[in-house]
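K.L.:
Following this message is one structure expressed as structure tokens.
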Amino acid sequence: MPTRTSQIDQTSQKDIYYFITYGICFVSLGLGMSALGPMLPYLAENLDVSLGRISFLFTASSLGYLVGSAGGGRLYDRFKAHVLMVIALVLMVSMTVLIPMVTIFYLLLVIMFFFGLGLGLLDIGGNVNLLWVFQSRVGPYMNALHFSFGVGAFLSPIIIHHVMRLTNGSLNWPYWVLAVLFLPGLIGLLALKSPQNPEKDAGINQQTKTNYRLVILMMGLFFLYVGLEGGFGGWIFTYATELGIASESAASYMNSFYWGALTLGRLITIPLAKRLRPSQILFGNYGLAILSLGLILIWPMNSLVIWIGSIGLGLALSSVFPTLMALGESRMVITGGVTGLFFFGSSLGGTLVPMLLGQVFEYIGGFQVMLTLFIAALLGLVVLFSVILASNRAGEKLRSDVN
């Protein structure tokens with residue numbers, strides 16, 4: 001007869017299998033989400049359209065991601081989670097195979113929409129399932145999951161560059177290689193049983209189930225955070241080159257170091273998440289973000305300061321998303337629907353803020369772009385205070401012995 005200790009060990013070992021599976025899926029997610037940027041000029045040439053027109057592929061993909069992440073939340077409450085994630089990966093694989101073969105612009109927009117749909121459905125699935133598997137222990141695992149995404153995002157441009165070099169500039173092979181790299185996650189998803197929300201039928205205090213005030217505040221913080229992250233990452237290259245601060249090559253490395261610091265920060269936060277409260281990590285994140293952007297505002301034309309600010313902001317923003325998810329899990333029942341609302345806020349921020357920055361850059365000036373990002377960081381700090389106050393008022397979630 002198995003002892004309770006052996007049962008706990010078996011449960012822990014099984015949980016690690018879940019984490020490895022979701023980590024592999026998030027490497028695929030990172031590969032897919034960062035693939036469009038390096039391929040944009042080649043796709044424009046293939047379709048014989050301008051860069052301005054081909055940039056609408058970002059819009060189509062973002063729209064699909066918004067529908068997949070926000071709308072897909074409720075699907076995870078109703079259907080088997082791994083079936084939905086398999087569908088997401090199959091969508092990503094099939095659309096990736098088709099992208100280089102399409103020569104009609106509007107058809108490519110449709111394909112990019114469905115590719116984004118797969119990305120969004122996979123993203124929310126990995127996050128909500130990890131919360132269901134690890135519950136109160138999720139902090140370090142959530143940071144590690146998002147580190148896996150960063151690894152994929154970092155490797156994608158490198159893989160694309162080398163595949164194109166080896167195939168003499170072929171448009172097909174980079175996408176087909178990525179499609180193959182999306183497949184490993186399917187093995188774990190098909191081998192493991194879909195997790196369920198352990199609190200769905202448990203005796204959780206009704207007050208902790210739907211704290212709409214906290215949900216709305218967290219949606220606002222997700223909006224500002226993702227807008228800040230994507231806005232800086234999307235415009236630092238243009239800011240540095242248009243203002244004559246750095247050459248195109250140096251600005252590219254500056255951009256890469258920003259994303260690299262963001263990935264490294266998630267790795268650093270894994271042990272910190274075991275020792276510090278989510279609120280402590282989040283205040284540290286925003287303090288460093290404001291400091292980094294403040295330095296750029298004081299010395300807006302100093303190349304060394306821009307480098308320091310870029311790396312500092314990447315480190316600052318690295319753990320906001322996973323830590324905020326862990327904070328939410330400790331205060332309320334995280335259903336697929338609630339997670340969908342979080343992702344709706346983040347998707348909206350990732351779509352609207354970079355667009356706003358483009359208008360600011362074109363009609364007002366480059367310095368004002370950094371000023372706008374600084375204001376977004378200050379607003380984020382204010383909203384974070386409100387989130388912490390509301391979460392403290394809600395108190396720790398009552399838990400049943402669901403394990």
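Labels used: A, B, ... for chains in the order of the structure tokens, numbers from 1 for residues in each chain, and numbers from 1 for ligands as shown.
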Determine, for each residue of segment 271-293 of chain A having at least one atom at most 12 Å from an atom of segment 348-371 of chain A, the closest pair of atoms and their separation in Å to one decimal, counting only C-alpha atoms; order by chain and ascending number, as JSON lines.

P.N.:
```
{"residue": "A:Ile290", "atom": "CA", "partner": "A:Leu371", "partner_atom": "CA", "distance": 10.9}
{"residue": "A:Ser292", "atom": "CA", "partner": "A:Met370", "partner_atom": "CA", "distance": 10.7}
{"residue": "A:Leu293", "atom": "CA", "partner": "A:Met370", "partner_atom": "CA", "distance": 7.1}
```

K.L.:
Extract, using only C-alpha atoms, all DNA, RNA and protein residues at most 9 Å from segment 210-215 of chain A, discarding same-chain residues fewer than 5 positions from it, and format them as a count of residues only.

P.N.:
13

K.L.:
Got a sec: who's within 9 Å of segment 111-114 of chain A, counting only C-alpha atoms, leaving out chain neighbours fewer than 5 positions off, as a list of chain:residue names?

P.N.:
A:Leu57, A:Phe58, A:Thr59, A:Ala60, A:Ser61, A:Ser62, A:Leu63, A:Gly64, A:Tyr65, A:Gly68, A:Leu91, A:Met92, A:Met95, A:Thr96, A:Leu98, A:Ile99, A:Tyr106, A:Leu119

K.L.:
Would you kindly return, as a list in words, each protein, DNA or RNA residue with an atom no farther than 7 Å from any atom of segment 180-195 of chain A, considering only C-alpha atoms and excluding same-chain residues fewer than 3 positions away?

P.N.:
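Near neighbours after the sequence-gap exclusion: Thr21, Ile24, Cys25, Ser28, Lys80, Ala81, His82, Val86, Leu89, Val93, Asn129, Trp132, Val133, Trp176 and Val177 of chain A.
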
K.L.:
Fewer than 4 positions away in the same chain doesn't count, so skip those; otherwise give me all residues within 8 Å of segment 246-255 of chain A, counting only C-alpha atoms, as number ranges by chain.

P.N.:
A: 233, 236-237, 240-241, 259, 303, 307, 310

K.L.:
Write out, as a PDB file, in the first residue's frame, the residues just selected, with C-alpha atoms.

P.N.:
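Result written to part21.pdb:
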```
ATOM      1  CA  GLY A 233      10.475  47.100 -27.844  1.00  0.00           C
ATOM      2  CA  ILE A 236      13.505  51.849 -29.524  1.00  0.00           C
ATOM      3  CA  PHE A 237      15.132  50.964 -32.879  1.00  0.00           C
ATOM      4  CA  ALA A 240      17.756  55.473 -31.820  1.00  0.00           C
ATOM      5  CA  THR A 241      18.163  55.611 -35.607  1.00  0.00           C
ATOM      6  CA  TRP A 259      14.572  41.482 -25.103  1.00  0.00           C
ATOM      7  CA  SER A 303      23.998  56.489 -26.510  1.00  0.00           C
ATOM      8  CA  TRP A 307      21.874  51.225 -23.699  1.00  0.00           C
ATOM      9  CA  SER A 310      17.107  49.591 -22.501  1.00  0.00           C
TER      10      SER A 310
END
```

K.L.:
Can you tell me, as a ChimeraX atom specification, which residues in segment 123-213 of chain A count as helix (DSSP H, G or I) by DSSP?

P.N.:
/A:123-166,172-181,184-191,206-208,212-213

K.L.:
What are the closest atom pairs, with distances in Å to one decimal, for all residues of segment 240-283 of chain A lying within 12 Å of segment 145-156 of chain A? Consider only C-alpha atoms, order rows by chain and residue number, and present the result as JSON lines.

P.N.:
```
{"residue": "A:Asn255", "atom": "CA", "partner": "A:Phe154", "partner_atom": "CA", "distance": 11.2}
{"residue": "A:Ser256", "atom": "CA", "partner": "A:Phe154", "partner_atom": "CA", "distance": 8.0}
{"residue": "A:Phe257", "atom": "CA", "partner": "A:Phe154", "partner_atom": "CA", "distance": 9.9}
{"residue": "A:Tyr258", "atom": "CA", "partner": "A:Phe154", "partner_atom": "CA", "distance": 10.7}
{"residue": "A:Trp259", "atom": "CA", "partner": "A:Phe154", "partner_atom": "CA", "distance": 7.4}
{"residue": "A:Gly260", "atom": "CA", "partner": "A:Phe154", "partner_atom": "CA", "distance": 6.9}
{"residue": "A:Ala261", "atom": "CA", "partner": "A:Gly150", "partner_atom": "CA", "distance": 9.7}
{"residue": "A:Leu262", "atom": "CA", "partner": "A:Gly150", "partner_atom": "CA", "distance": 7.6}
{"residue": "A:Thr263", "atom": "CA", "partner": "A:Gly150", "partner_atom": "CA", "distance": 4.9}
{"residue": "A:Leu264", "atom": "CA", "partner": "A:Phe147", "partner_atom": "CA", "distance": 7.6}
{"residue": "A:Gly265", "atom": "CA", "partner": "A:Phe147", "partner_atom": "CA", "distance": 8.3}
{"residue": "A:Arg266", "atom": "CA", "partner": "A:Phe147", "partner_atom": "CA", "distance": 5.3}
{"residue": "A:Leu267", "atom": "CA", "partner": "A:Phe147", "partner_atom": "CA", "distance": 6.0}
{"residue": "A:Ile268", "atom": "CA", "partner": "A:Phe147", "partner_atom": "CA", "distance": 9.6}
{"residue": "A:Thr269", "atom": "CA", "partner": "A:Phe147", "partner_atom": "CA", "distance": 9.6}
{"residue": "A:Ile270", "atom": "CA", "partner": "A:Phe147", "partner_atom": "CA", "distance": 9.1}
```

K.L.:
Please, what distance in Å, to one decimal, runs between atom CA of Asp48 of chain A and atom CA of Thr167 of chain A?

P.N.:
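Going from atom CA of Asp48 of chain A over to atom CA of Thr167 of chain A covers 21.3 Å.
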